[in-house]
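What follows is the content of data-v5.cif (mmCIF, C-alpha atoms (C1' of nucleotides)).
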data_structure
#
loop_
_atom_site.label_atom_id
_atom_site.label_comp_id
_atom_site.auth_asym_id
_atom_site.auth_seq_id
_atom_site.Cartn_x
_atom_site.Cartn_y
_atom_site.Cartn_z
CA MET A 1 -2.93 -4.30 -8.36
CA GLU A 2 -4.62 -5.16 -5.18
CA THR A 3 -8.27 -4.48 -5.23
CA PRO A 4 -9.96 -3.12 -3.07
CA LEU A 5 -7.91 0.03 -3.35
CA ARG A 6 -6.48 1.41 -0.14
CA GLU A 7 -7.22 5.00 0.73
CA PRO A 8 -4.02 6.67 -0.60
CA THR A 9 -4.30 4.89 -3.95
CA PHE A 10 -8.00 5.65 -4.17
CA LEU A 11 -7.40 9.35 -3.58
CA ILE A 12 -4.54 9.48 -6.07
CA LEU A 13 -6.80 8.11 -8.79
CA THR A 14 -9.60 10.46 -7.73
CA ALA A 15 -7.26 13.45 -7.92
CA LEU A 16 -6.26 12.45 -11.44
CA VAL A 17 -9.81 12.25 -12.78
CA ALA A 18 -10.01 15.99 -13.34
CA GLU A 19 -6.60 16.59 -14.90
CA PRO A 20 -3.06 15.23 -15.14
CA LEU A 21 -0.87 16.16 -12.18
CA HIS A 22 2.76 15.75 -11.23
CA GLY A 23 3.90 14.12 -7.98
CA TYR A 24 3.99 17.17 -5.81
CA GLY A 25 0.73 18.41 -7.30
CA LEU A 26 -0.81 15.10 -6.24
CA ILE A 27 0.35 15.56 -2.67
CA THR A 28 -1.36 18.95 -2.43
CA GLU A 29 -4.47 17.92 -4.37
CA VAL A 30 -5.03 14.78 -2.28
CA ALA A 31 -4.64 16.86 0.87
CA ARG A 32 -7.17 19.32 -0.51
CA LEU A 33 -9.81 16.82 -1.57
CA SER A 34 -9.56 14.94 1.72
CA ASP A 35 -9.84 18.17 3.73
CA GLY A 36 -6.32 17.76 5.02
CA ARG A 37 -6.98 14.30 6.42
CA VAL A 38 -4.50 12.56 4.14
CA SER A 39 -1.02 13.88 3.51
CA LEU A 40 0.82 11.58 1.14
CA ARG A 41 4.41 10.68 2.00
CA PRO A 42 6.95 10.27 -0.77
CA GLY A 43 7.29 6.56 -0.04
CA THR A 44 3.56 6.10 -0.38
CA LEU A 45 3.17 8.31 -3.43
CA TYR A 46 5.96 7.02 -5.63
CA GLY A 47 5.41 3.45 -4.56
CA ALA A 48 1.76 3.80 -5.53
CA LEU A 49 2.58 5.51 -8.82
CA ASP A 50 4.95 2.71 -9.77
CA ARG A 51 2.25 0.16 -9.11
CA LEU A 52 -0.38 2.20 -10.95
CA LEU A 53 1.88 2.64 -13.98
CA ASP A 54 2.65 -1.06 -13.90
CA ALA A 55 -1.04 -1.91 -13.85
CA GLY A 56 -1.80 0.53 -16.68
CA LEU A 57 -4.14 2.64 -14.55
CA VAL A 58 -2.10 5.79 -15.09
CA THR A 59 0.44 6.85 -17.73
CA VAL A 60 3.12 9.50 -17.88
CA GLU A 61 1.61 12.19 -20.05
CA ARG A 62 4.60 14.46 -20.38
CA GLU A 63 7.70 15.71 -18.66
CA GLU A 64 8.54 19.33 -18.14
CA VAL A 65 11.60 21.04 -16.78
CA VAL A 66 10.71 24.11 -14.75
CA ASP A 67 13.52 25.98 -13.02
CA SER A 68 15.88 23.06 -13.58
CA ARG A 69 13.40 20.84 -11.77
CA LEU A 70 11.69 17.93 -13.41
CA ARG A 71 7.94 17.69 -13.45
CA ARG A 72 6.47 14.40 -14.55
CA TYR A 73 2.75 14.58 -15.26
CA TYR A 74 0.61 11.52 -14.64
CA ARG A 75 -2.68 10.97 -16.42
CA LEU A 76 -5.49 8.57 -15.61
CA THR A 77 -6.05 5.97 -18.31
CA GLU A 78 -9.51 4.84 -19.36
CA HIS A 79 -8.83 1.58 -17.55
CA GLY A 80 -7.91 3.55 -14.45
CA GLY A 81 -11.10 5.58 -14.65
CA ASP A 82 -13.22 2.46 -15.04
CA LEU A 83 -11.54 0.78 -12.11
CA LEU A 84 -12.02 3.85 -9.94
CA ALA A 85 -15.70 3.92 -10.88
CA ASN A 86 -16.07 0.26 -9.90
CA GLU A 87 -14.22 0.74 -6.63
CA THR A 88 -16.33 3.76 -5.80
CA GLU A 89 -19.48 1.77 -6.40
CA ARG A 90 -18.27 -1.03 -4.16
CA MET A 91 -17.38 1.39 -1.38
CA ARG A 92 -20.76 3.05 -1.79
CA ARG A 93 -22.45 -0.29 -1.13
CA ASN A 94 -20.32 -0.95 1.93
CA VAL A 95 -21.09 2.50 3.26
CA GLU A 96 -24.78 1.89 2.65
CA ALA A 97 -24.74 -1.45 4.44
CA ALA A 98 -22.93 -0.02 7.44
CA THR A 99 -25.09 3.09 7.54
CA ALA A 100 -28.29 1.05 7.56
CA ARG A 101 -27.11 -1.02 10.52
CA LEU A 102 -25.66 1.92 12.39
CA THR A 103 -28.88 3.83 12.00
CA ALA A 104 -30.78 0.98 13.63
CA ARG A 105 -28.21 1.01 16.43
CA THR A 106 -28.71 4.73 16.90
CA ARG A 107 -32.46 4.24 17.18
CA ARG A 108 -32.22 1.85 20.08
CA GLY A 109 -29.36 3.65 21.83
CA THR A 110 -27.21 6.77 22.03
CA PRO A 111 -28.79 9.23 19.62
CA ARG A 112 -26.02 10.72 17.49
CA LEU A 113 -25.11 12.28 14.17
CA ASN A 114 -27.63 12.80 11.43
CA GLY A 115 -30.42 10.29 11.79
CA GLY A 116 -31.27 10.93 8.17
CA ILE A 117 -29.60 8.67 5.66
CA ALA A 118 -28.58 9.55 2.14
CA MET B 1 -5.40 -0.99 14.87
CA GLU B 2 -4.64 0.36 11.51
CA THR B 3 -7.12 2.89 10.41
CA PRO B 4 -8.48 3.15 7.68
CA LEU B 5 -10.07 -0.26 8.04
CA ARG B 6 -9.59 -2.69 5.21
CA GLU B 7 -12.65 -4.18 3.61
CA PRO B 8 -12.75 -7.54 5.50
CA THR B 9 -12.36 -5.83 8.87
CA PHE B 10 -14.92 -3.19 7.97
CA LEU B 11 -17.47 -5.84 7.03
CA ILE B 12 -16.79 -7.87 10.16
CA LEU B 13 -17.59 -4.87 12.33
CA THR B 14 -20.62 -4.06 10.21
CA ALA B 15 -21.92 -7.62 10.59
CA LEU B 16 -21.55 -7.35 14.36
CA VAL B 17 -23.57 -4.15 14.70
CA ALA B 18 -26.89 -5.98 14.62
CA GLU B 19 -26.05 -8.89 16.94
CA PRO B 20 -23.21 -10.99 18.34
CA LEU B 21 -22.05 -13.72 15.99
CA HIS B 22 -19.59 -16.59 16.12
CA GLY B 23 -16.77 -17.07 13.61
CA TYR B 24 -18.59 -19.18 11.11
CA GLY B 25 -21.69 -17.03 11.42
CA LEU B 26 -19.51 -14.05 10.50
CA ILE B 27 -18.31 -15.77 7.35
CA THR B 28 -21.88 -16.32 6.18
CA GLU B 29 -23.16 -12.92 7.33
CA VAL B 30 -20.33 -11.00 5.65
CA ALA B 31 -20.96 -12.94 2.43
CA ARG B 32 -24.65 -12.06 2.71
CA LEU B 33 -24.24 -8.35 3.37
CA SER B 34 -21.70 -7.99 0.59
CA ASP B 35 -23.95 -9.87 -1.87
CA GLY B 36 -21.44 -12.70 -2.10
CA ARG B 37 -18.59 -10.39 -3.11
CA VAL B 38 -16.52 -11.10 -0.01
CA SER B 39 -15.98 -14.59 1.34
CA LEU B 40 -13.82 -14.47 4.44
CA ARG B 41 -11.02 -17.04 4.76
CA PRO B 42 -10.16 -18.48 8.14
CA GLY B 43 -6.78 -16.80 8.10
CA THR B 44 -8.40 -13.43 7.46
CA LEU B 45 -11.21 -13.89 9.94
CA TYR B 46 -9.32 -15.10 12.98
CA GLY B 47 -6.40 -12.81 12.34
CA ALA B 48 -8.82 -9.90 12.21
CA LEU B 49 -10.70 -11.04 15.32
CA ASP B 50 -7.44 -11.28 17.28
CA ARG B 51 -6.58 -7.72 16.30
CA LEU B 52 -10.08 -6.46 17.02
CA LEU B 53 -10.10 -8.10 20.45
CA ASP B 54 -6.69 -6.66 21.13
CA ALA B 55 -7.87 -3.18 20.20
CA GLY B 56 -11.00 -3.51 22.32
CA LEU B 57 -13.35 -3.12 19.35
CA VAL B 58 -15.01 -6.47 19.95
CA THR B 59 -15.30 -8.75 22.98
CA VAL B 60 -16.12 -12.40 23.47
CA GLU B 61 -19.67 -12.38 24.72
CA ARG B 62 -20.08 -16.05 25.50
CA GLU B 63 -19.07 -19.53 24.47
CA GLU B 64 -21.44 -22.32 23.67
CA VAL B 65 -20.89 -25.95 22.92
CA VAL B 66 -23.32 -27.22 20.30
CA ASP B 67 -22.96 -30.81 19.11
CA SER B 68 -19.53 -31.04 20.73
CA ARG B 69 -18.44 -28.03 18.63
CA LEU B 70 -17.39 -24.77 20.17
CA ARG B 71 -19.16 -21.56 19.30
CA ARG B 72 -17.50 -18.37 20.46
CA TYR B 73 -19.74 -15.34 20.13
CA TYR B 74 -18.18 -11.96 19.41
CA ARG B 75 -19.90 -8.71 20.29
CA LEU B 76 -19.17 -5.20 19.11
CA THR B 77 -18.07 -2.86 21.92
CA GLU B 78 -19.20 0.75 22.10
CA HIS B 79 -15.70 1.77 21.08
CA GLY B 80 -15.97 -0.56 18.08
CA GLY B 81 -19.32 0.93 17.10
CA ASP B 82 -17.97 4.47 17.35
CA LEU B 83 -14.94 3.61 15.27
CA LEU B 84 -17.09 1.97 12.63
CA ALA B 85 -19.30 5.06 12.51
CA ASN B 86 -16.25 7.28 12.00
CA GLU B 87 -14.79 5.02 9.35
CA THR B 88 -18.11 4.92 7.54
CA GLU B 89 -18.26 8.70 7.54
CA ARG B 90 -14.76 8.96 6.12
CA MET B 91 -15.52 6.46 3.39
CA ARG B 92 -18.70 8.33 2.60
CA ARG B 93 -16.67 11.49 2.01
CA ASN B 94 -14.21 9.68 -0.23
CA VAL B 95 -17.06 8.18 -2.21
CA GLU B 96 -18.62 11.61 -2.53
CA ALA B 97 -15.39 13.20 -3.75
CA ALA B 98 -14.81 10.47 -6.31
CA THR B 99 -18.43 10.47 -7.45
CA ALA B 100 -18.41 14.23 -8.02
CA ARG B 101 -15.32 14.01 -10.22
CA LEU B 102 -16.46 10.90 -12.04
CA THR B 103 -19.80 12.50 -12.77
CA ALA B 104 -18.09 15.48 -14.35
CA ARG B 105 -16.00 13.07 -16.40
CA THR B 106 -19.14 11.33 -17.64
CA ARG B 107 -20.82 14.64 -18.54
CA ARG B 108 -17.89 15.67 -20.70
CA GLY B 109 -18.28 12.31 -22.39
CA THR B 110 -14.87 10.91 -21.43
CA PRO B 111 -12.43 13.30 -23.13
CA ARG B 112 -10.71 11.73 -26.09
CA LEU B 113 -7.83 13.35 -27.96
CA ASN B 114 -8.41 16.89 -26.66
CA GLY B 115 -11.61 17.77 -24.89
CA GLY B 116 -12.72 20.31 -27.45
CA ILE B 117 -10.08 22.89 -26.63
CA ALA B 118 -7.32 23.94 -29.03
"C1'" DC C 1 25.15 35.28 3.37
"C1'" DC C 2 22.89 31.82 5.63
"C1'" DG C 3 19.05 29.21 7.34
"C1'" DT C 4 14.42 27.93 6.64
"C1'" DT C 5 10.53 26.89 3.87
"C1'" DA C 6 8.49 25.31 -0.32
"C1'" DT C 7 8.97 22.77 -4.48
"C1'" DA C 8 10.16 18.38 -6.43
"C1'" DT C 9 11.65 13.34 -7.06
"C1'" DC C 10 13.27 9.01 -5.28
"C1'" DT C 11 15.02 4.85 -2.22
"C1'" DT C 12 15.30 1.79 1.67
"C1'" DC C 13 13.30 -0.64 5.42
"C1'" DG C 14 9.92 -2.37 8.62
"C1'" DC C 15 5.25 -3.33 9.76
"C1'" DA C 16 0.45 -4.67 9.32
"C1'" DG C 17 -3.16 -6.95 7.19
"C1'" DC C 18 -4.95 -10.25 3.99
"C1'" DC C 19 -5.15 -14.73 1.75
"C1'" DG C 20 -4.02 -19.49 0.44
"C1'" DA C 21 -2.92 -23.60 2.37
"C1'" DT C 22 -3.33 -26.65 5.84
"C1'" DA C 23 -4.83 -28.98 10.16
"C1'" DT C 24 -8.36 -30.77 13.17
"C1'" DA C 25 -12.95 -32.38 14.60
"C1'" DT C 26 -18.02 -33.41 14.29
"C1'" DT C 27 -22.43 -34.24 12.01
"C1'" DG C 28 -25.49 -35.48 8.39
"C1'" DA C 29 -26.36 -36.75 3.63
"C1'" DC C 30 -25.58 -39.86 -0.33
"C1'" DG D 1 -17.36 -44.86 3.45
"C1'" DT D 2 -16.85 -40.53 1.56
"C1'" DC D 3 -18.24 -35.93 0.80
"C1'" DA D 4 -20.10 -31.45 2.20
"C1'" DA D 5 -21.12 -28.38 5.81
"C1'" DT D 6 -20.09 -26.63 10.35
"C1'" DA D 7 -16.51 -24.81 13.25
"C1'" DT D 8 -11.95 -23.07 15.01
"C1'" DA D 9 -7.07 -22.30 14.41
"C1'" DT D 10 -2.02 -21.59 12.59
"C1'" DC D 11 1.61 -20.47 9.27
"C1'" DG D 12 4.06 -18.37 5.43
"C1'" DG D 13 4.10 -15.28 1.66
"C1'" DC D 14 2.79 -11.18 -0.59
"C1'" DT D 15 1.54 -6.37 -0.95
"C1'" DG D 16 0.81 -1.77 0.20
"C1'" DC D 17 1.72 1.87 3.30
"C1'" DG D 18 4.47 5.01 6.00
"C1'" DA D 19 8.64 6.81 8.45
"C1'" DA D 20 12.92 8.32 7.47
"C1'" DG D 21 16.21 10.19 4.85
"C1'" DA D 22 18.86 11.63 0.42
"C1'" DT D 23 19.10 15.01 -3.19
"C1'" DA D 24 18.41 19.43 -5.51
"C1'" DT D 25 16.69 24.24 -6.63
"C1'" DA D 26 14.51 28.66 -5.61
"C1'" DA D 27 12.47 32.16 -2.72
"C1'" DC D 28 12.31 34.71 1.43
"C1'" DG D 29 13.69 36.56 5.75
"C1'" DG D 30 17.06 37.60 9.17
#
Spell out the structure here as structure tokens.
Amino acid sequence: METPLREPTFLILTALVAEPLHGYGLITEVARLSDGRVSLRPGTLYGALDRLLDAGLVTVEREEVVDSRLRRYYRLTEHGGDLLANETERMRRNVEAATARLTARTRRGTPRLNGGIA
Amino acid sequence: METPLREPTFLILTALVAEPLHGYGLITEVARLSDGRVSLRPGTLYGALDRLLDAGLVTVEREEVVDSRLRRYYRLTEHGGDLLANETERMRRNVEAATARLTARTRRGTPRLNGGIA
DNA sequence: CCGTTATATCTTCGCAGCCGATATATTGAC
DNA sequence: GTCAATATATCGGCTGCGAAGATATAACGG
């Protein structure tokens, strides 16, 4: 697994924190939690899931057959949850560093956005 | 330019918000602002700079010769600053989404073998 | 009935970005 | 005289992402 996580992978893991989901459920949930900004393509999704399974960050929890269609549910492993927590913390630091500098930039130029930081 | 920005590119832009820097200065500044977590390799740095120049996110401000060695100073353009601000905002949202879910996970005490139901 | 939309999984291929390795050159320290 | 630090640059491999398309079922509308 490449770390830092790229956005699609990051959002897949985030979506799985709450509950196990199947592939199509992930597509809709990732779209939802990113406010429609990210719509996963099959190539991205199943490629990512293969890698995540391989790295032990997610596991197949169960398989269901609904209306002759297969549903394979993926669950976040403890390892996956820990890694997501670490990645989130790293991103938080990067966001903080950039925000601090951008705020200074705003002060001496074009006033924009919320001047208040987190 | 591929957006979302990858970590090295993101940190390069962040480092350039405060002041123009030359290549080697970027390596040290990025290491500093990431608390030593990221040490840029030449291949990463100059590849990224080529792409950033090409996309108009940075420009060459000036060139100096110090001790017979060239120093090429890169400056963030307004476009680059705007893009960095947008990228930072997007990352902030992703961090927020993940943090919210991870916090809930922690509160439940990391569900083991059935989270208390059934 | 038939076409479209939604549900659902999966593969193939190309591209972009990152990193390790390597090259080159100067200066100062040991 | 050799090593570390300063400084820029190229190349090849690897990985992850995304576009495109294949496949299949069910629901809904025309």
Worksheet entry | Selection under test: the PyMOL selection byres ((chain A) within 12 of (chain D)); residues as a ChimeraX atom specification | /A:1-9,38-52,65-70
Response to the item:
In-order C-alpha superposition of chain B on chain A by least squares yields an RMSD of 5.5 Å
Mind dumping a table of every chain C residue within 12 Å of chain A, with the nearest atom pair and its distance in Å to one decimal, using only C-alpha atoms (C1' of nucleotides), sorted by chain and rising number, as a tab-separated table?
residue	atom	partner	partner_atom	distance
C:DA6	C1'	A:Tyr24	CA	10.8
C:DT7	C1'	A:Tyr24	CA	7.6
C:DA8	C1'	A:Tyr24	CA	6.3
C:DT9	C1'	A:Leu70	CA	7.8
C:DC10	C1'	A:Tyr46	CA	7.6
C:DT11	C1'	A:Gly43	CA	8.2
C:DT12	C1'	A:Gly43	CA	9.5
C:DC13	C1'	A:Gly43	CA	10.9
C:DG17	C1'	A:Arg6	CA	11.6
C:DC18	C1'	A:Glu2	CA	10.5
C:DC19	C1'	A:Glu2	CA	11.8
Fill in: Given all atoms listed in the file as the counted atoms, nearest of B:Gly80, B:Leu53, B:Leu33, B:Tyr74 to chain A
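Using all atoms listed in the file, chain A sits closest to B:Leu33.
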Practice prompt. Enter the distance from CA of Val60 in chain A to CA of Leu21 in chain A, in Å, rounded to one decimal.
Written response: 9.6 Å
Fill in: Atom-to-atom span, CA of Thr59 in chain B and CA of Thr77 in chain B, Å
6.6 Å
Counting all atoms listed in the file, what are the residues of chain B within 8 Å of chain A, and for each of them which pair of atoms is the nearest and at what distance in Å, to one decimal? Sort the table by chain and rising number, as a Markdown table.
| residue | atom | partner | partner_atom | distance |
| --- | --- | --- | --- | --- |
| B:Pro4 | CA | A:Glu7 | CA | 7.3 |
| B:Arg6 | CA | A:Arg6 | CA | 7.4 |
| B:Glu7 | CA | A:Pro4 | CA | 7.3 |
| B:Leu11 | CA | A:Asn94 | CA | 7.6 |
| B:Thr14 | CA | A:Ala98 | CA | 5.4 |
| B:Val17 | CA | A:Arg101 | CA | 6.3 |
| B:Ala18 | CA | A:Arg101 | CA | 6.4 |
| B:Leu33 | CA | A:Ala97 | CA | 7.0 |
| B:Ser34 | CA | A:Asn94 | CA | 7.3 |
| B:Gly81 | CA | A:Leu102 | CA | 8.0 |
| B:Ala85 | CA | A:Leu102 | CA | 7.1 |
| B:Thr88 | CA | A:Val95 | CA | 5.7 |
| B:Met91 | CA | A:Val95 | CA | 6.8 |
| B:Arg92 | CA | A:Val95 | CA | 6.3 |
| B:Arg93 | CA | A:Ser34 | CA | 7.9 |
| B:Asn94 | CA | A:Ser34 | CA | 7.3 |
| B:Val95 | CA | A:Thr88 | CA | 5.7 |
| B:Ala97 | CA | A:Leu33 | CA | 7.0 |
| B:Ala98 | CA | A:Thr14 | CA | 5.4 |
| B:Thr99 | CA | A:Thr88 | CA | 7.2 |
| B:Arg101 | CA | A:Val17 | CA | 6.3 |
| B:Leu102 | CA | A:Val17 | CA | 6.8 |
| B:Arg105 | CA | A:Val17 | CA | 7.2 |
Worksheet item: CA of Leu26 in chain A and CA of Tyr73 in chain A are how many Å apart?
Response: 9.7 Å
Centre and edge lengths of an axis-aligned box around all listed atoms of range 66-75 of chain B, with 4 Å added on each side, are to be given in Å to one decimal, as JSON.
{"center_x": -20.4, "center_y": -19.9, "center_z": 19.7, "size_x": 13.9, "size_y": 30.3, "size_z": 10.1}
